[in-house]
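K.L.:
Okay, here's the structure, questions in a sec.
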Amino acid sequence: MSPVTPRASRPAPSAGTGRHSGSLWRQLIRIGFAAGRGGPGDRLRFWALFAAAAALAVVALAAVTAAATYDGREARNQARGPLITERPQEAVALWREAFDAVGEVPHTVVYLHPLSPGAEPPPGLSRWPAPGEVMLSPELLREGEQEGIAGRYGRHAGTIGAAGLVSPSERLAYVAPARAPGAGEREDWRQVRGFGQAYPMGEVLHERPLSHVLLTLGALTGVPALALLVVAARVGSRTRDRRSSLLQALGGTWRHRALVNLGEAALPAAAGTVSAVLPMLAILPADVRIPPTGYLLDSGDLRAAWPMALAALLLSFAVTLGVVVLLHRVERDGTATRPRSFSSRIPRWRLAGCGAGAVVVALSQYLRGTPGLVAFITGTVAMWALLPSVAAVAARRLGGALAERGFRTGRPGQLIGGRWTVAHPGVVVRLALAMVIGIGLVCQLQVWNSRLGEKAAAARASEARVGDTVLSVRSRDITPTVVDELSHALPVGSHVLVLTTDADQRGALLQGSCRALRSLGLGCPAAPEQAGGDDPRVTEIRLWHGPALRAQVAPSALRLDRLHSSLIVTSEGPGRRAEVERAAYALVPAVNVETPVETWLVGAAGKARLNNWLLLFGSLGLGLLLLAGSLSAAAEFTRVRHVLAPLAVLTGSHAIHRSVAWWHLTVPLLVSAAVAATVSAWHSVFFIAVVQEGSFSWGMLAAATGGCALLAAVVGVLGGRTAIHAAQQWRPAAD
């Protein structure tokens, strides 16, 4: 037998030089592939990596979908925007914009008057609309059917094609006025010489920057996907840590260990990445509506982005394998001859980084605007990413106290559970990750949803009280003749009044005929007097236009101040709005017909639609966190059941299994939930201080914390039952 060569003088195998390097690489990869199929918990490991790779690939494809959608929107908006000109000889049409709403969702109404009928119409139109005709986008026609949108602006003559819409969800109308604008009205119209430049209209007016979408997607869904990947990479880590230690003891470098880990993870990672293509293939043939947002994705934009999608899949696959390799590195100091697993301790920089993140969050309230928001987000990412390590340190110290107390009181379950918690703090980190981030996401979503403001709530209550029985009609083109014609065109039981908001600096003044004022219970005062009475319509006008509302019989024909006056149309019952709108639009192009509170309701609805996107991303993120927690718990059960099984023989009772699972799993998770709840409340309060809006729901925090506490109890119960089942089947072996 040849003598053993000392390790210090034995050359380490090379992974990059020599004739046999290629065969060595292939052999190491085959070893990893075989280890992935034959080790303890291999099926759990496979499906965990499969789910993590699929989740990461879905997030990557979602980012590609967002980028492709924005690219398509920008191109179509560039093609349809009007080319404004100041030279009348170049003009081919007159252009004017107005705004309206259907179901509290705003849309743009573009009035067109062609000067050269032979000129090319806007993209999406096969011809110029004839006088009195209107062409609507398919989504506007569908959503406004109940409100009679087809006949609101004129005769419906067709729909706008996809080339003229930035997205299939856009609500847009092209209207040709029944009569050509007169010389005195032309100052409100623009001359256009064609189409082909970016222009703010339609859906573009309300879109968020792509960076905001990607940031929200990354924070609410991407971070949980990475958390799932971290948990999946460490499932069954005890076996891989022992294998890595053996490879290092044999002289293997980090490259050799990486190849073995790559061989083990490549198949499930590849399968998960490929499976993420299936949902994208399902939405390529036709436009798909995304619940709960209601937004229609343009399938053409997605089909055009296939190279970017392929690159995103390859990148997500590489990230998955990279995380697997990085999380299985072994550490060794200068004197040790045995590698040490990372799970045996928690680096101090994690604790310091979490504290630094909390300090940045606290200081962000003193910075206004974008700097304060950037500081808040930066501190938040650092704090939440490293907070589980803080919870693990707290649980580790708690474990030491529990072990000492169990030793003094003679409770073996408490002693063993406490010592396991001290020895394996990384287990607590993985189990606590879902709770910590989950509670934080729930609280942030609640605070964000609360930012609707008191005015929006008051507007919603006002709408419930009077509905559309009070309507405001505003336009710079309303003349006394128009007022008279509108009065005769209104349905029976409707009246026209004039509201001037700053006539003589003494409050709003409501003027109308004696009949109109009496319909509101105001009498017929010849001089302005306080508008009293119990009519709810007057109460709402007073609520939204000032308590010093006065009323007066109009001394002559109703006249409007172009800057400070608007028409008020009152009805005896609800459901007359469509008739009022048809009458008003038939007389005045670009008129604005709305309830006194519609501006607030439209703003609140816009925030609600934004919250739907947050709900979508947040729900996906919470689902991934729940999956991460489930996988981590399952991995812990796999480890615990083999270790606890022999205790049944020594104690003669299964009670110790339940006791150990309780003290090792449930108690540390309860500590983590308490830490997460405390930090979430503190964090949400600072967020409100930064954005200067919103409120915090302590009830929601209590519900989320209670749910986490229940999950902690369930984990302990299942851990005990799993250990008992393993103990019943355990047989001594020569190990």
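In the structure tokens, each chain is lettered A, B, ... as it comes, each chain's residues begin at 1, and ligands are numbered from 1 in order of appearance.
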Name all residues at most 6 Å from Gln511 of chain A (count only C-alpha atoms; drop same-chain ones fewer than 5 positions away) and give them as a list in words.
P.N.:
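Close residues of Gln511 of chain A: Leu497, Val498, Ala551, Gln552, Val553 and Ala554 of chain A.
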K.L.:
Pull N, CA, C and O atoms from the residues just selected and write them as a compact mmCIF listing (two decimals), in the first residue's frame.
P.N.:
# COMPACT_ATOMS: atom_id res chain seq x y z
N LEU A 497 -80.74 75.69 -14.36
CA LEU A 497 -80.38 76.84 -13.55
C LEU A 497 -78.92 77.20 -13.84
O LEU A 497 -78.18 76.42 -14.44
N VAL A 498 -78.52 78.39 -13.40
CA VAL A 498 -77.14 78.84 -13.56
C VAL A 498 -76.52 79.00 -12.18
O VAL A 498 -77.10 79.64 -11.30
N ALA A 551 -79.81 81.99 -3.54
CA ALA A 551 -80.72 81.74 -4.66
C ALA A 551 -81.42 83.02 -5.07
O ALA A 551 -81.68 83.90 -4.23
N GLN A 552 -81.75 83.13 -6.36
CA GLN A 552 -82.41 84.33 -6.89
C GLN A 552 -83.09 83.98 -8.20
O GLN A 552 -82.56 83.20 -9.00
N VAL A 553 -84.26 84.55 -8.43
CA VAL A 553 -84.91 84.41 -9.72
C VAL A 553 -84.12 85.20 -10.74
O VAL A 553 -83.76 86.36 -10.50
N ALA A 554 -83.83 84.57 -11.88
CA ALA A 554 -83.06 85.27 -12.92
C ALA A 554 -83.84 86.46 -13.43
O ALA A 554 -85.03 86.33 -13.79
K.L.:
Taking 6 positions as the minimum chain separation for residues in the same chain, which residues sit within 8 Å of Val671 of chain A when counting only C-alpha atoms? Answer as a list in words.
P.N.:
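What passes the distance filter is Ala391, Ala394 and Ala395 of chain A.
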K.L.:
Could you state the separation of atom CA of Thr500 of chain A and atom CA of Val466 of chain A in Å, given to one decimal place?
P.N.:
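If I compute the distance from atom CA of Thr500 of chain A to atom CA of Val466 of chain A, I get 21.1 Å.
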K.L.:
What lies within 6 Å of segment 716-719 of chain A using only C-alpha atoms, ignoring chain neighbours under 5 positions off, as a CSV table (one decimal) with N, CA, C and O atoms, in the first residue's frame?
P.N.:
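Resulting contents of part_2.csv:
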chain,number,residue,atom,x,y,z
A,637,PHE,N,-39.8,18.9,8.1
A,637,PHE,CA,-40.4,17.6,8.6
A,637,PHE,C,-39.6,16.4,8.2
A,637,PHE,O,-39.4,15.5,8.9
A,661,ALA,N,-41.3,19.2,18.5
A,661,ALA,CA,-41.8,20.0,17.4
A,661,ALA,C,-42.4,21.3,17.8
A,661,ALA,O,-42.2,22.4,17.1
A,662,TRP,N,-43.0,21.4,18.9
A,662,TRP,CA,-43.6,22.6,19.4
A,662,TRP,C,-42.5,23.6,19.8
A,662,TRP,O,-42.6,24.8,19.3
A,665,LEU,N,-40.2,24.3,16.4
A,665,LEU,CA,-40.9,24.9,15.2
A,665,LEU,C,-41.8,26.0,15.6
A,665,LEU,O,-41.7,27.2,15.1
A,666,THR,N,-42.8,25.7,16.4
A,666,THR,CA,-43.9,26.7,16.7
A,666,THR,C,-43.4,27.9,17.4
A,666,THR,O,-43.7,29.0,17.0
K.L.:
If we count only C-alpha atoms and set the cut-off at 7 Å, which residues sit around Leu83 of chain A, ignoring sequence neighbours fewer than 5 positions away in its own chain? Please answer as a PDB file with N, CA and C atoms, in the first residue's frame.
P.N.:
ATOM      1  N   VAL A 192     -54.656  70.726 -38.020  1.00  0.00           N
ATOM      2  CA  VAL A 192     -53.721  69.619 -38.159  1.00  0.00           C
ATOM      3  C   VAL A 192     -53.449  69.388 -39.641  1.00  0.00           C
ATOM      4  N   ARG A 193     -52.207  69.032 -39.951  1.00  0.00           N
ATOM      5  CA  ARG A 193     -51.805  68.763 -41.332  1.00  0.00           C
ATOM      6  C   ARG A 193     -51.579  67.274 -41.577  1.00  0.00           C
ATOM      7  N   GLY A 194     -51.879  66.462 -40.605  1.00  0.00           N
ATOM      8  CA  GLY A 194     -51.715  65.021 -40.738  1.00  0.00           C
ATOM      9  C   GLY A 194     -51.530  64.382 -39.376  1.00  0.00           C
ATOM     10  N   PHE A 195     -51.034  63.158 -39.379  1.00  0.00           N
ATOM     11  CA  PHE A 195     -50.895  62.408 -38.144  1.00  0.00           C
ATOM     12  C   PHE A 195     -49.562  61.668 -38.161  1.00  0.00           C
ATOM     13  N   GLY A 196     -48.894  61.616 -36.991  1.00  0.00           N
ATOM     14  CA  GLY A 196     -47.623  60.912 -36.938  1.00  0.00           C
ATOM     15  C   GLY A 196     -46.657  61.423 -35.898  1.00  0.00           C
ATOM     16  N   GLN A 197     -47.160  61.825 -34.717  1.00  0.00           N
ATOM     17  CA  GLN A 197     -46.263  62.218 -33.638  1.00  0.00           C
ATOM     18  C   GLN A 197     -46.895  61.831 -32.307  1.00  0.00           C
TER      19      GLN A 197
END
K.L.:
State, in Å with one decimal place, the distance from atom CA of Leu172 of chain A to atom CA of Arg152 of chain A.
P.N.:
13.2 Å
K.L.:
Report the distance between atom CA of Val110 of chain A and atom CA of Pro129 of chain A in Å, rounded to one decimal place.
P.N.:
11.4 Å
K.L.:
From the list A:Leu415, A:Leu520, A:Ala385, A:Ile541, which residue is nearest Ala676 of chain A when using only C-alpha atoms?
P.N.:
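The answer is A:Ala385, which sits nearest to Ala676 of chain A.
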K.L.:
Taking only segment 259-370 of chain A into account, list the residues labelled helix (DSSP H, G or I) by DSSP (computed from the backbone), as an MDAnalysis selection string.
P.N.:
chainID A and resid 259:275 277:283 299:304 306:326 342:344 348:366 370
K.L.:
I'd like the neighbourhood of segment 319-328 of chain A as number ranges by chain, where a residue qualifies if any of its atoms comes within 7 Å (using only C-alpha atoms), though same-chain residues fewer than 5 positions away should be ignored.
P.N.:
A: 53, 233, 258, 261-262, 265, 269
K.L.:
Output the selection as an mmCIF file, in the first residue's frame - N, CA and C atoms for each residue.
P.N.:
data_model
loop_
_atom_site.group_PDB
_atom_site.id
_atom_site.type_symbol
_atom_site.label_atom_id
_atom_site.label_comp_id
_atom_site.auth_asym_id
_atom_site.auth_seq_id
_atom_site.Cartn_x
_atom_site.Cartn_y
_atom_site.Cartn_z
ATOM 1 N N ALA A 53 -38.122 27.739 -10.182
ATOM 2 C CA ALA A 53 -37.695 28.134 -11.521
ATOM 3 C C ALA A 53 -38.875 28.624 -12.348
ATOM 4 N N ALA A 233 -33.658 26.092 -2.967
ATOM 5 C CA ALA A 233 -32.244 25.739 -3.095
ATOM 6 C C ALA A 233 -31.710 25.078 -1.838
ATOM 7 N N ALA A 258 -19.523 23.291 -7.567
ATOM 8 C CA ALA A 258 -20.541 23.966 -8.374
ATOM 9 C C ALA A 258 -21.048 23.045 -9.480
ATOM 10 N N ASN A 261 -23.460 20.537 -7.985
ATOM 11 C CA ASN A 261 -24.739 21.181 -7.671
ATOM 12 C C ASN A 261 -25.512 21.536 -8.933
ATOM 13 N N LEU A 262 -24.787 21.941 -9.998
ATOM 14 C CA LEU A 262 -25.458 22.230 -11.264
ATOM 15 C C LEU A 262 -26.081 20.968 -11.845
ATOM 16 N N ALA A 265 -29.315 20.294 -9.995
ATOM 17 C CA ALA A 265 -30.412 21.251 -10.134
ATOM 18 C C ALA A 265 -30.817 21.512 -11.573
ATOM 19 N N ALA A 269 -34.710 22.732 -12.747
ATOM 20 C CA ALA A 269 -34.699 24.142 -13.128
ATOM 21 C C ALA A 269 -35.099 24.309 -14.586
#
K.L.:
So which one's closest to Val64 of chain A, A:Ala456, A:Leu44, A:Leu49, A:Ala311? Using only C-alpha atoms, please.
P.N.:
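Smallest separation from Val64 of chain A among the options: A:Ala311.
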K.L.:
Could you tell me which of A:Leu226, A:Leu620, A:Leu669, A:Ala270 comes closest to Arg396 of chain A if we count only C-alpha atoms?
P.N.:
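Using only C-alpha atoms, Arg396 of chain A sits closest to A:Leu669.
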K.L.:
Assign secondary structure with DSSP using the backbone only, and return the residues of segment 117-208 of chain A in strand (DSSP E or B) as a PyMOL selection string.
P.N.:
chain A and resi 133-136+155-159+172-175+190-195
K.L.:
Selection from above, all heavy atoms, as a compact mmCIF listing (two decimals), in the first residue's frame, can you write it?
P.N.:
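Below is the file result_29.txt, written as the result:
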# COMPACT_ATOMS: atom_id res chain seq x y z
N GLU A 133 -71.79 62.13 -37.03
CA GLU A 133 -71.45 60.73 -36.79
C GLU A 133 -70.38 60.60 -35.72
O GLU A 133 -69.60 61.53 -35.48
CB GLU A 133 -70.95 60.07 -38.08
CG GLU A 133 -72.04 59.81 -39.11
CD GLU A 133 -71.51 59.05 -40.31
OE1 GLU A 133 -70.28 59.01 -40.50
OE2 GLU A 133 -72.35 58.50 -41.04
N VAL A 134 -70.32 59.41 -35.11
CA VAL A 134 -69.34 59.13 -34.08
C VAL A 134 -68.80 57.72 -34.29
O VAL A 134 -69.54 56.81 -34.68
CB VAL A 134 -69.96 59.27 -32.67
CG1 VAL A 134 -71.18 58.38 -32.52
CG2 VAL A 134 -68.95 58.94 -31.59
N MET A 135 -67.51 57.57 -34.08
CA MET A 135 -66.87 56.26 -34.13
C MET A 135 -66.22 56.00 -32.77
O MET A 135 -65.46 56.83 -32.28
CB MET A 135 -65.84 56.19 -35.25
CG MET A 135 -66.45 56.32 -36.63
SD MET A 135 -65.23 56.14 -37.95
CE MET A 135 -66.30 56.28 -39.41
N LEU A 136 -66.52 54.86 -32.19
CA LEU A 136 -66.11 54.54 -30.83
C LEU A 136 -65.15 53.36 -30.83
O LEU A 136 -65.21 52.48 -31.70
CB LEU A 136 -67.32 54.19 -29.97
CG LEU A 136 -68.47 55.21 -29.93
CD1 LEU A 136 -69.64 54.64 -29.16
CD2 LEU A 136 -67.99 56.51 -29.31
N ARG A 155 -74.74 59.91 -34.28
CA ARG A 155 -75.07 58.62 -34.87
C ARG A 155 -73.85 57.71 -34.86
O ARG A 155 -72.78 58.09 -35.35
CB ARG A 155 -75.57 58.79 -36.31
CG ARG A 155 -76.80 59.66 -36.45
CD ARG A 155 -77.29 59.68 -37.90
NE ARG A 155 -76.22 60.03 -38.84
CZ ARG A 155 -75.87 61.27 -39.14
NH1 ARG A 155 -76.48 62.30 -38.55
NH2 ARG A 155 -74.91 61.50 -40.02
N HIS A 156 -74.02 56.52 -34.34
CA HIS A 156 -72.90 55.58 -34.29
C HIS A 156 -72.64 55.05 -35.70
O HIS A 156 -73.52 54.44 -36.33
CB HIS A 156 -73.21 54.43 -33.34
CG HIS A 156 -72.09 53.46 -33.21
ND1 HIS A 156 -72.28 52.09 -33.27
CD2 HIS A 156 -70.76 53.64 -33.06
CE1 HIS A 156 -71.11 51.47 -33.13
NE2 HIS A 156 -70.18 52.40 -33.01
N ALA A 157 -71.40 55.25 -36.20
CA ALA A 157 -71.07 54.90 -37.58
C ALA A 157 -70.01 53.82 -37.68
O ALA A 157 -69.59 53.49 -38.79
CB ALA A 157 -70.61 56.15 -38.34
N GLY A 158 -69.55 53.25 -36.57
CA GLY A 158 -68.54 52.21 -36.63
C GLY A 158 -67.60 52.26 -35.45
O GLY A 158 -67.77 53.08 -34.53
N THR A 159 -66.62 51.38 -35.48
CA THR A 159 -65.65 51.30 -34.39
C THR A 159 -64.26 51.69 -34.90
O THR A 159 -63.97 51.64 -36.09
CB THR A 159 -65.60 49.89 -33.80
OG1 THR A 159 -65.28 48.95 -34.83
CG2 THR A 159 -66.92 49.51 -33.17
N LEU A 172 -62.01 55.51 -26.42
CA LEU A 172 -61.77 56.68 -27.27
C LEU A 172 -62.94 56.86 -28.22
O LEU A 172 -63.55 55.87 -28.65
CB LEU A 172 -60.47 56.48 -28.06
CG LEU A 172 -60.02 57.61 -28.99
CD1 LEU A 172 -59.65 58.85 -28.20
CD2 LEU A 172 -58.84 57.15 -29.85
N ALA A 173 -63.25 58.10 -28.53
CA ALA A 173 -64.33 58.42 -29.46
C ALA A 173 -63.87 59.50 -30.43
O ALA A 173 -63.23 60.47 -30.02
CB ALA A 173 -65.58 58.90 -28.71
N TYR A 174 -64.16 59.30 -31.72
CA TYR A 174 -63.97 60.33 -32.75
C TYR A 174 -65.35 60.81 -33.17
O TYR A 174 -66.20 60.01 -33.59
CB TYR A 174 -63.23 59.77 -33.96
CG TYR A 174 -61.74 59.59 -33.76
CD1 TYR A 174 -61.17 58.33 -33.76
CD2 TYR A 174 -60.92 60.69 -33.59
CE1 TYR A 174 -59.80 58.16 -33.58
CE2 TYR A 174 -59.55 60.54 -33.40
CZ TYR A 174 -59.00 59.27 -33.39
OH TYR A 174 -57.65 59.12 -33.21
N VAL A 175 -65.57 62.12 -33.06
CA VAL A 175 -66.90 62.70 -33.31
C VAL A 175 -66.76 63.81 -34.35
O VAL A 175 -65.84 64.64 -34.26
CB VAL A 175 -67.51 63.27 -32.02
CG1 VAL A 175 -68.89 63.87 -32.30
CG2 VAL A 175 -67.60 62.19 -30.95
N ARG A 190 -57.88 73.20 -33.14
CA ARG A 190 -56.51 73.21 -33.64
C ARG A 190 -56.49 72.75 -35.10
O ARG A 190 -57.28 71.87 -35.49
CB ARG A 190 -55.60 72.30 -32.81
CG ARG A 190 -55.43 72.76 -31.38
CD ARG A 190 -54.44 71.86 -30.65
NE ARG A 190 -54.18 72.32 -29.30
CZ ARG A 190 -53.29 71.78 -28.49
NH1 ARG A 190 -52.57 70.74 -28.90
NH2 ARG A 190 -53.11 72.26 -27.28
N GLN A 191 -55.58 73.31 -35.84
CA GLN A 191 -55.40 72.91 -37.23
C GLN A 191 -54.35 71.80 -37.29
O GLN A 191 -53.29 71.91 -36.68
CB GLN A 191 -54.95 74.09 -38.09
CG GLN A 191 -55.93 75.25 -38.08
CD GLN A 191 -55.41 76.44 -38.84
OE1 GLN A 191 -56.02 76.90 -39.80
NE2 GLN A 191 -54.26 76.96 -38.44
N VAL A 192 -54.66 70.73 -38.02
CA VAL A 192 -53.72 69.62 -38.16
C VAL A 192 -53.45 69.39 -39.64
O VAL A 192 -54.33 69.53 -40.50
CB VAL A 192 -54.26 68.33 -37.50
CG1 VAL A 192 -54.48 68.52 -36.02
CG2 VAL A 192 -55.56 67.88 -38.16
N ARG A 193 -52.21 69.03 -39.95
CA ARG A 193 -51.81 68.76 -41.33
C ARG A 193 -51.58 67.27 -41.58
O ARG A 193 -51.14 66.88 -42.66
CB ARG A 193 -50.53 69.53 -41.66
CG ARG A 193 -49.36 69.23 -40.73
CD ARG A 193 -48.13 70.06 -41.10
NE ARG A 193 -47.04 69.87 -40.17
CZ ARG A 193 -46.15 68.88 -40.25
NH1 ARG A 193 -46.24 67.99 -41.24
NH2 ARG A 193 -45.18 68.77 -39.36
N GLY A 194 -51.88 66.46 -40.60
CA GLY A 194 -51.71 65.02 -40.74
C GLY A 194 -51.53 64.38 -39.38
O GLY A 194 -51.83 64.99 -38.33
N PHE A 195 -51.03 63.16 -39.38
CA PHE A 195 -50.90 62.41 -38.14
C PHE A 195 -49.56 61.67 -38.16
O PHE A 195 -49.13 61.17 -39.20
CB PHE A 195 -52.06 61.42 -37.98
CG PHE A 195 -53.40 62.07 -38.05
CD1 PHE A 195 -54.07 62.19 -39.27
CD2 PHE A 195 -53.99 62.61 -36.92
CE1 PHE A 195 -55.29 62.81 -39.35
CE2 PHE A 195 -55.22 63.24 -36.99
CZ PHE A 195 -55.88 63.34 -38.21
